[in-house]
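Comments concern the structure below.
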Protein chains: 4
Amino acid sequence: MNYWLRCAISALLLSAQLALAALAAASDLPTVFPPNVKIVHFSSASLGDERTMLVMLPLDYDTSVSRYPTLYLLHGYDADITDWARGTNLSAYATRHHLIIVTPDASRSWYVNSVGNPKAKFDDYIVKDVIEYMDAHFRTIPEPFARAIAGVSMGGFGAMLLGLEHHDMFAAIGSFSGALAAAHHEPPPLPANATEADRKAREENLALAGPFGSKEHMDRDPFELAARIPVEEVPMLFIVCGGEDGNAEDTHAFLALLAKRRIPYEYREISPRGHDWRIWNEEIPVFLDKLDHLDGFGSALPERNPEHHTP
Amino acid sequence: MNYWLRCAISALLLSAQLALAALAAASDLPTVFPPNVKIVHFSSASLGDERTMLVMLPLDYDTSVSRYPTLYLLHGYDADITDWARGTNLSAYATRHHLIIVTPDASRSWYVNSVGNPKAKFDDYIVKDVIEYMDAHFRTIPEPFARAIAGVSMGGFGAMLLGLEHHDMFAAIGSFSGALAAAHHEPPPLPANATEADRKAREENLALAGPFGSKEHMDRDPFELAARIPVEEVPMLFIVCGGEDGNAEDTHAFLALLAKRRIPYEYREISPRGHDWRIWNEEIPVFLDKLDHLDGFGSALPERNPEHHTP
Amino acid sequence: MNYWLRCAISALLLSAQLALAALAAASDLPTVFPPNVKIVHFSSASLGDERTMLVMLPLDYDTSVSRYPTLYLLHGYDADITDWARGTNLSAYATRHHLIIVTPDASRSWYVNSVGNPKAKFDDYIVKDVIEYMDAHFRTIPEPFARAIAGVSMGGFGAMLLGLEHHDMFAAIGSFSGALAAAHHEPPPLPANATEADRKAREENLALAGPFGSKEHMDRDPFELAARIPVEEVPMLFIVCGGEDGNAEDTHAFLALLAKRRIPYEYREISPRGHDWRIWNEEIPVFLDKLDHLDGFGSALPERNPEHHTP
Amino acid sequence: MNYWLRCAISALLLSAQLALAALAAASDLPTVFPPNVKIVHFSSASLGDERTMLVMLPLDYDTSVSRYPTLYLLHGYDADITDWARGTNLSAYATRHHLIIVTPDASRSWYVNSVGNPKAKFDDYIVKDVIEYMDAHFRTIPEPFARAIAGVSMGGFGAMLLGLEHHDMFAAIGSFSGALAAAHHEPPPLPANATEADRKAREENLALAGPFGSKEHMDRDPFELAARIPVEEVPMLFIVCGGEDGNAEDTHAFLALLAKRRIPYEYREISPRGHDWRIWNEEIPVFLDKLDHLDGFGSALPERNPEHHTP
């Protein structure tokens with residue numbers, strides 16, 4: 001497991017200092033965007049807070065008469081809402097795939113409803129507030145068959161967690177180097193000489209997901225969800241990991257669990273690739289191509305369904 | 001590990017009954033072929049025996065003035081030389097990729113030079129007899145940069161073994177659900193109440209690869225070869241396994257070994273897929289597309305050298 | 001070594017008169033540019049100074065929804081930010097290769113952080129200020145796999161130095177007649193009858209890179225960096241030199257060092273070609289074609305993603 | 001210098017056992033050829049012997065009304081007349097470039113007229129017997145502007161030697177990893193304890209090129225010829241070497257000599273590449289493309305000169 005991710009997961013399991021503060025003002029974003037990328041500020045009831053997200057629209061959105069499928073794309077731990085859009089050619093893909101792509105801000109929440117902090121309901125935030133806002137304010141096709149969720153690293157964990165938990169809401173789940181086992185391994189007991197900081201970190205960990213082995217904790221573990229979901233209800237699964245990524249071993253274990261239950265998936269492992277945008281940039285177009293083969297996606301692509309073409 | 005393969009590996013590790021008999025006469029082949037597929041009988045010096053192989057030629061071979069790269073495609077345990085050509089659209093791919101594809105017969109040899117049976121030198125048979133015959137009798141480009149080896153199941157083991165051992169002879173190795181660990185796990189000790197048949201099987205196992213842990217045995221284990229080959233000399237590696245295939249776990253271990261040494265590879269795991277032609281038929285075209293990006297392959301592709309076309 | 005470059009290197013090794021003054025006002029540029037070339041003034045924190053650079057954008061930048069890979073192209077010693085754009089058809093190539101090309105001003109700095117002059121941190125200026133400014137203000141793909149650095153003469157030295165030192169930031173390095181050994185040969189001892197001017201020049205040399213043989217000096221020598229960089233982390237290397245160029249002999253020595261370590265590279269030497277724009281104009285399109293084969297480049301090329309085109 | 005080549009050059013400089021025996025019968029050739037490749041047996045007056053060569057004709061030779069430029073392509077030391085045709089797609093290139101390509105047999109002669117063996121006039125054999133035979137028996141354009149010579153390893157030495165010596169006969173010279181300095185370095189004195197075999201080898205060396213430093217020896221050294229040839233009479237020079245090839249250092253010295261005299265050339269060095277067909281297969285098409293730009297070559301290429309097209 002590489003250092004960055006160890007940091008990230010340590011933060012989850014040991015210290016769990018939830019950075020709930022929303023992104024700074026849009027003018028502080030570290031890049032510029034083409035006109036099809038909207039910076040959306042909205043109020044999240046679940047968090048009781050103002051949040052920000054990027055919405056990438058097909059270039060002809062303003063002049064077309066179509067509705068569009070939607071992909072919710074979750075960021076990683078030390079990341080922000082612009083990471084996916086900067087590390088890949090995402091805004092161009094929204095146009096190419098006739099797709100609305102949303103990258104919501106979730107701080108370092110691990111996308112769970114915190115057990116101990118009633119204001120940190122990030123699960124609800126994504127599947128209720130963000131999706132409802134999008135379906136209300138943009139011409140989405142607001143149906144499960146036209147909605148996908150994916151993410152990178154902590155966001156891959158989040159996509160797998162939310163996608164399996166709310167499997168009736170999504171047609172597909174994508175995990176890009178996801179920290180799929182972030183909630184699956186029991187943290188070691190505190191040593192006798194644990195410091196006050198150690199005890200505090202452990203408490204915060206308990207606050208996030210509850211005691212290891214408890215129902216609350218298991219409900220936040222994609223391994224547990226994958227073991228109990230009815231096989232025929234699993235969304236399409238697309239899983240990617242670099243061979244040198246510290247998550248590769250846990251990912252293999254997750255695949256074995258899926259395979260044991262005959263849950264369909266496609267997995268790609270390339271090496272040498274680490275935990276960075278090189279592999280995510282390579283594989284996100286592959287995921288989008290696969291999405292296009294689902295009933296609710298790719299419907300407007302001229303070269304595939306010429307009679308569906310929107311003016 | 002699925003049952004078929006357990007049979008196969010049991011046969012290796014426990015009984016190792018080498019079926020050295022060559023294929024029956026060509027007229028006994030269980031199918032018919034288009035005119036670009038040749039059934040070749042030739043004499044193998046290493047085996048002291050007459051053997052048979054299929055040679056798939058580009059459709060314009062007889063009228064073209066080109067030489068072609070060559071792919072040696074190895075069959076599985078309970079299989080014959082027609083399996084690849086029947087389970088996939090292989091003869092069409094030879095034309096599409098301007099490639100000569102060879103499927104030699106190797107019985108149930110596991111593609112090794114038997115330690116105990118001097119007449120069963122199947123490693124030599126492939127890398128000496130088959131390749132020399134092809135280079136002498138067909139318009140191959142008889143150079144390492146234009147030669148690849150791949151196989152399925154026992155043949156995936158064989159391709160990885162021969163490809164790593166003779167890495168200066170091949171530009172690429174493909175393992176399709178290869179039994180990569182067939183020689184990697186120590187067989188359990190014979191129980192006190194072992195039967196005469198059990199003892200005989202163990203003896204035959206020793207005949208094939210020698211005592212577990214001996215130099216001879218390790219020289220026949222792709223894990224050992226992957227651990228010692230100089231990284232910069234590894235051919236391109238393309239590895240495929242079905243999620244439900246009994247080889248998946250061992251394959252994950254093999255990937256971890258490759259990644260630890262920073263050996264480049266691409267791995268694809270799809271599920272639900274077992275140990276059968278559905279996944280091999282899906283993935284062989286992907287492998288052939290990747291081959292085309294190597295220097296010595298795809299050279300005759302019309303879109304690259306348009307003026308290369310012969311009338 | 002031809003006279004021009006001897007002047008340049010003499011300036012480094014003997015007199016090292018750093019011309020830190022920024023370019024004159026844009027209106028003073030010695031040419032005119034098409035609309036896709038922007039003249040950018042910005043403030044460099046590393047230099048504590050206002051600097052200028054040219055930014056060449058693909059022609060459809062304003063209407064497209066894509067992000068673009070970026071090439072940082074460094075000028076030579078007696079040169080300015082317009083040299084590359086005047087000596088080659090650079091602004092047309094930005095459009096052809098769907099690439100953002102940046103030519104920053106670096107005076108006669110040799111692109112190093114001066115050991116003796118804390119205000120002359122030109123290494124930081126390029127890899128921090130220039131790149132951060134570009135990534136914040138233009139639609140770059142701000143990732144190593146989509147970023148290249150190249151340069152001519154003193155700029156070839158700079159590209160090799162910065163590219164090897166910060167190898168985790170760049171996918172490719174191009175050296176066009178680079179003065180690769182500018183910091184590699186020990187200056188001869190001052191003669192007994194050295195003048196005051198000679199002593200002053202030697203002092204200024206020491207100010208730039210520190211005493212020959214010191215750690216500071218070696219950290220500014222591409223030969224030293226090439227000898228110590230992990231082989232698998234070297235960016236793609238493209239090296240060009242004219243046969244009559246005074247740098248040819250040193251370039252051969254650099255190649256020998258690369259080859260000894262099995263570091264991949266491609267080298268082209270044409271003759272009769274001197275240290276001028278004839279060869280740089282011939283070879284920059286070859287370098288851009290090679291860039292297009294890297295993962296992060298050429299992604300928007302119409303022939304690869306035909307549906308990618310924006311109206 | 002790699003081992004093979006050291007052997008080769010040792011054989012020249014120390015033992016020089018000339019294997020003058022011609023190739024065995026054509027039926028013994030280690031491969032098969034398409035119909036545009038002719039195996040030609042003819043009698044060499046210079047050698048007083050029957051020799052063999054391959055002649056590759058454009059596919060439409062028998063039905064066209066054109067004459068064709070000719071490339072003489074020389075083999076290496078431990079090689080035969082089929083090496084170029086097997087290691088590359090040479091017979092296809094004859095058609096693509098509307099070119100006649102000839103690969104004559106020259107044993108291990110180093111392509112020189114032996115000083116000590118009057119029957120081993122391999123220089124005369126190539127430039128008189130082979131060329132005269134070709135011009136008399138095939139529809140060549142029998143003029144210097146439509147004739148090129150190239151070779152690999154010992155054949156690169158031979159091409160450079162014959163091409164510079166008989167510069168009025170060739171429009172271009174290609175050296176692929178040529179052992180250009182094979183006759184340029186003085187052999188070390190025989191040690192006091194030299195064996196009889198050592199003395200015999202030295203004698204044979206003297207037989208081949210005469211005493212080092214003698215006029216005969218210098219006349220067989222491409223460095224000497226390059227130093228004295230009138231610059232304006234040098235054929236087009238295309239030189240290739242792998243970075244890991246033992247010939248790289250000597251090749252750099254040869255380039256420096258050419259550049260010093262302002263002799264035009266193009267040089268390509270790729271790494272990691274050794275002394276084998278990978279780089280020769282990559283670069284021979286580049287050389288053939290360059291030939292096409294000469295006045296006497298490429299005249300029949302439809303896409304370049306449509307009005308020259310032969311039916």
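Chain labels A, B, ... are given in the sequence in which chains occur in the structure tokens; within each chain residues are numbered consecutively from 1, and ligands are likewise numbered from 1 in the order shown.
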
Within 6 Å of chain C, which residues belong to chain D? Use only C-alpha atoms and report them as a list in words.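 Interface list for chain D against chain C: Gly243, Glu244, Ala259, Arg262, Pro264, Tyr265, Glu266, Tyr267, Arg268, Glu269, Ile270, Ser271 and Pro272 of chain D.
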
| What residues in range 58-274 of chain C get the DSSP label strand (DSSP E)? Please answer as a PyMOL selection string. | chain C and resi 70-74+100-104+147-152+172-176+236-242+265-271

Could you save the residues just selected, with N, CA, C and O atoms, as a short mmCIF file (atom, residue, chain, number, x, y, z; two decimals), in the first residue's frame?
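The resulting file, out.cif, is reproduced below:
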```cif
data_model
loop_
_atom_site.label_atom_id
_atom_site.label_comp_id
_atom_site.auth_asym_id
_atom_site.auth_seq_id
_atom_site.Cartn_x
_atom_site.Cartn_y
_atom_site.Cartn_z
N THR C 70 0.80 19.66 -22.60
CA THR C 70 1.58 20.90 -22.67
C THR C 70 3.05 20.60 -22.90
O THR C 70 3.61 19.68 -22.30
N LEU C 71 3.65 21.39 -23.79
CA LEU C 71 5.09 21.29 -24.02
C LEU C 71 5.74 22.61 -23.62
O LEU C 71 5.36 23.68 -24.12
N TYR C 72 6.70 22.54 -22.72
CA TYR C 72 7.50 23.70 -22.34
C TYR C 72 8.77 23.69 -23.18
O TYR C 72 9.54 22.73 -23.12
N LEU C 73 8.97 24.74 -23.94
CA LEU C 73 10.02 24.77 -24.96
C LEU C 73 10.97 25.92 -24.62
O LEU C 73 10.59 27.09 -24.69
N LEU C 74 12.19 25.56 -24.25
CA LEU C 74 13.13 26.53 -23.68
C LEU C 74 14.04 27.13 -24.74
O LEU C 74 14.56 26.41 -25.61
N ILE C 100 -0.74 22.49 -26.17
CA ILE C 100 -0.38 23.85 -25.74
C ILE C 100 1.14 23.91 -25.65
O ILE C 100 1.77 23.06 -25.02
N ILE C 101 1.73 24.89 -26.32
CA ILE C 101 3.19 25.04 -26.32
C ILE C 101 3.53 26.37 -25.65
O ILE C 101 2.97 27.40 -26.00
N VAL C 102 4.45 26.31 -24.71
CA VAL C 102 4.82 27.48 -23.92
C VAL C 102 6.31 27.77 -24.09
O VAL C 102 7.12 26.86 -23.96
N THR C 103 6.64 29.01 -24.40
CA THR C 103 8.06 29.39 -24.49
C THR C 103 8.32 30.51 -23.48
O THR C 103 8.13 31.68 -23.76
N PRO C 104 8.79 30.12 -22.29
CA PRO C 104 9.03 31.12 -21.24
C PRO C 104 10.37 31.83 -21.43
O PRO C 104 11.31 31.28 -21.99
N ARG C 147 2.77 16.17 -19.96
CA ARG C 147 3.65 17.35 -19.90
C ARG C 147 5.03 16.97 -20.41
O ARG C 147 5.58 15.95 -20.01
N ALA C 148 5.56 17.78 -21.31
CA ALA C 148 6.90 17.53 -21.84
C ALA C 148 7.73 18.80 -21.75
O ALA C 148 7.18 19.91 -21.65
N ILE C 149 9.05 18.62 -21.78
CA ILE C 149 9.96 19.76 -21.75
C ILE C 149 11.04 19.54 -22.80
O ILE C 149 11.54 18.43 -22.97
N ALA C 150 11.35 20.59 -23.52
CA ALA C 150 12.39 20.49 -24.54
C ALA C 150 13.02 21.86 -24.69
O ALA C 150 12.51 22.86 -24.18
N GLY C 151 14.13 21.91 -25.39
CA GLY C 151 14.77 23.19 -25.57
C GLY C 151 15.93 23.10 -26.54
O GLY C 151 16.35 22.00 -26.93
N VAL C 152 16.45 24.26 -26.90
CA VAL C 152 17.52 24.34 -27.88
C VAL C 152 18.76 24.96 -27.24
O VAL C 152 18.66 25.95 -26.51
N ALA C 172 8.32 13.41 -21.24
CA ALA C 172 9.31 13.39 -22.32
C ALA C 172 10.24 14.59 -22.19
O ALA C 172 9.85 15.65 -21.68
N ILE C 173 11.47 14.37 -22.68
CA ILE C 173 12.49 15.41 -22.72
C ILE C 173 13.04 15.47 -24.14
O ILE C 173 13.38 14.43 -24.70
N GLY C 174 13.14 16.67 -24.69
CA GLY C 174 13.76 16.83 -26.00
C GLY C 174 14.93 17.79 -25.92
O GLY C 174 14.81 18.89 -25.37
N SER C 175 16.06 17.34 -26.45
CA SER C 175 17.23 18.22 -26.49
C SER C 175 17.62 18.48 -27.93
O SER C 175 18.01 17.56 -28.65
N PHE C 176 17.50 19.71 -28.36
CA PHE C 176 17.86 20.08 -29.73
C PHE C 176 19.19 20.82 -29.66
O PHE C 176 19.26 21.97 -29.22
N MET C 236 10.73 9.78 -21.71
CA MET C 236 11.16 9.51 -23.10
C MET C 236 12.19 10.56 -23.50
O MET C 236 11.99 11.74 -23.26
N LEU C 237 13.28 10.10 -24.11
CA LEU C 237 14.36 11.01 -24.49
C LEU C 237 14.51 11.10 -26.00
O LEU C 237 14.68 10.08 -26.67
N PHE C 238 14.46 12.30 -26.50
CA PHE C 238 14.67 12.55 -27.94
C PHE C 238 15.79 13.59 -28.05
O PHE C 238 15.68 14.70 -27.53
N ILE C 239 16.86 13.19 -28.72
CA ILE C 239 18.07 14.02 -28.74
C ILE C 239 18.49 14.26 -30.18
O ILE C 239 18.52 13.32 -30.99
N VAL C 240 18.79 15.51 -30.50
CA VAL C 240 19.17 15.89 -31.85
C VAL C 240 20.44 16.71 -31.80
O VAL C 240 20.62 17.52 -30.88
N CYS C 241 21.31 16.50 -32.78
CA CYS C 241 22.48 17.38 -32.88
C CYS C 241 22.97 17.41 -34.33
O CYS C 241 22.96 16.38 -35.01
N GLY C 242 23.38 18.56 -34.79
CA GLY C 242 23.99 18.66 -36.11
C GLY C 242 25.39 18.11 -36.07
O GLY C 242 26.10 18.24 -35.06
N TYR C 265 16.54 5.86 -25.51
CA TYR C 265 16.58 7.17 -26.16
C TYR C 265 16.55 7.00 -27.67
O TYR C 265 16.74 5.89 -28.18
N GLU C 266 16.25 8.08 -28.35
CA GLU C 266 16.42 8.12 -29.81
C GLU C 266 17.25 9.34 -30.14
O GLU C 266 16.99 10.44 -29.66
N TYR C 267 18.27 9.11 -30.95
CA TYR C 267 19.20 10.19 -31.31
C TYR C 267 19.24 10.34 -32.82
O TYR C 267 19.25 9.36 -33.56
N ARG C 268 19.28 11.59 -33.26
CA ARG C 268 19.42 11.87 -34.69
C ARG C 268 20.49 12.92 -34.91
O ARG C 268 20.47 13.97 -34.29
N GLU C 269 21.40 12.57 -35.80
CA GLU C 269 22.48 13.51 -36.12
C GLU C 269 22.50 13.67 -37.64
O GLU C 269 22.61 12.69 -38.38
N ILE C 270 22.39 14.89 -38.10
CA ILE C 270 22.36 15.18 -39.53
C ILE C 270 23.51 16.12 -39.83
O ILE C 270 23.89 16.95 -39.01
N SER C 271 24.07 15.96 -41.04
CA SER C 271 25.18 16.82 -41.42
C SER C 271 25.12 17.05 -42.92
O SER C 271 24.67 16.15 -43.67
#
```

Within 7 Å of Phe157 in chain D, counting only C-alpha atoms, which residues show up once you throw out same-chain ones fewer than 4 positions away? Write them as an NGL selection string, please.
:D and (153 or 161 or 178-180)

Check your understanding: Quick one: distance from CA of Ala181 in chain D to CA of Arg86 in chain D in Å, one decimal?
Key ->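 A separation of 26.7 Å between them.
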
Extract, using only C-alpha atoms, all DNA, RNA and protein residues at most 10 Å from Ala45 in chain D, discarding same-chain residues fewer than 5 positions from it, and format them as a tab-separated table (two decimals) with N, CA, C and O atoms, in the first residue's frame.
```tsv
chain	number	residue	atom	x	y	z
D	50	GLU	N	31.90	-20.29	-58.69
D	50	GLU	CA	30.45	-20.14	-58.84
D	50	GLU	C	29.90	-19.52	-57.55
D	50	GLU	O	30.27	-19.96	-56.46
D	119	LYS	N	43.04	-15.14	-55.20
D	119	LYS	CA	41.74	-15.67	-55.60
D	119	LYS	C	40.59	-15.04	-54.82
D	119	LYS	O	39.43	-15.31	-55.10
D	121	LYS	N	39.32	-11.89	-54.45
D	121	LYS	CA	39.10	-10.49	-54.81
D	121	LYS	C	37.61	-10.18	-54.66
D	121	LYS	O	36.88	-10.08	-55.65
D	124	ASP	N	36.37	-6.69	-56.17
D	124	ASP	CA	36.10	-6.84	-57.61
D	124	ASP	C	34.84	-7.66	-57.85
D	124	ASP	O	34.04	-7.35	-58.75
D	125	TYR	N	34.70	-8.70	-57.07
D	125	TYR	CA	33.54	-9.58	-57.22
D	125	TYR	C	32.22	-8.79	-57.14
D	125	TYR	O	31.34	-8.93	-57.99
D	128	LYS	N	32.39	-5.50	-59.84
D	128	LYS	CA	32.47	-5.90	-61.25
D	128	LYS	C	31.49	-7.03	-61.56
D	128	LYS	O	30.49	-6.83	-62.24
D	129	ASP	N	31.74	-8.19	-60.99
D	129	ASP	CA	30.99	-9.37	-61.42
D	129	ASP	C	29.50	-9.27	-61.09
D	129	ASP	O	28.65	-9.48	-61.96
D	130	VAL	N	29.20	-8.97	-59.83
D	130	VAL	CA	27.79	-8.96	-59.44
D	130	VAL	C	27.01	-7.89	-60.19
D	130	VAL	O	25.95	-8.14	-60.76
```

- [ ] Taking the chain letters and numbering used in this document, name the residues of range 52-280 of chain D that DSSP puts in helix (DSSP H, G or I), as a VMD selection string.
- [x] chain D and resid 83 to 87 90 to 96 122 to 137 144 to 146 154 to 165 196 to 209 215 to 218 222 to 228 231 to 233 248 to 260 277 to 280

### Message
So that I can see what lies close to Tyr133 in chain B, please list as an MDAnalysis selection string the residues with an atom at most 10 Å from it, counting only C-alpha atoms and leaving out residues fewer than 6 positions away in the same chain.
### Response
(chainID B and resid 42:44 126) or (chainID D and resid 30:31)

Hey, can you spit out that residue selection with C-alpha atoms as a tab-separated table (two decimals), in the first residue's frame?
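Saved result, again.tsv, follows:
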```tsv
chain	number	residue	atom	x	y	z
B	42	PHE	CA	6.43	-33.24	-39.72
B	43	SER	CA	9.12	-35.19	-37.92
B	44	SER	CA	10.30	-33.95	-34.54
B	126	ILE	CA	8.36	-26.38	-29.50
D	30	PRO	CA	17.00	-22.20	-44.70
D	31	THR	CA	13.68	-20.76	-45.82
```

List the neighbours of range 282-298 of chain B out to 7 Å using only C-alpha atoms; skip same-chain residues closer than 2 positions along the sequence, and give me the result as a list in words.
-> Pro69, His97, His98, Phe145, Ala146, Phe238, Arg278, Ile279, Trp280, Ala300 and Leu301 of chain B

Quick one, how far is CA of Thr195 in chain B from CA of Lys215 in chain B?
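Distance reported for this atom pair: 28.4 Å.
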
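One finds CA of Ser91 in chain A at 21.3 Å from CA of Asn36 in chain C.
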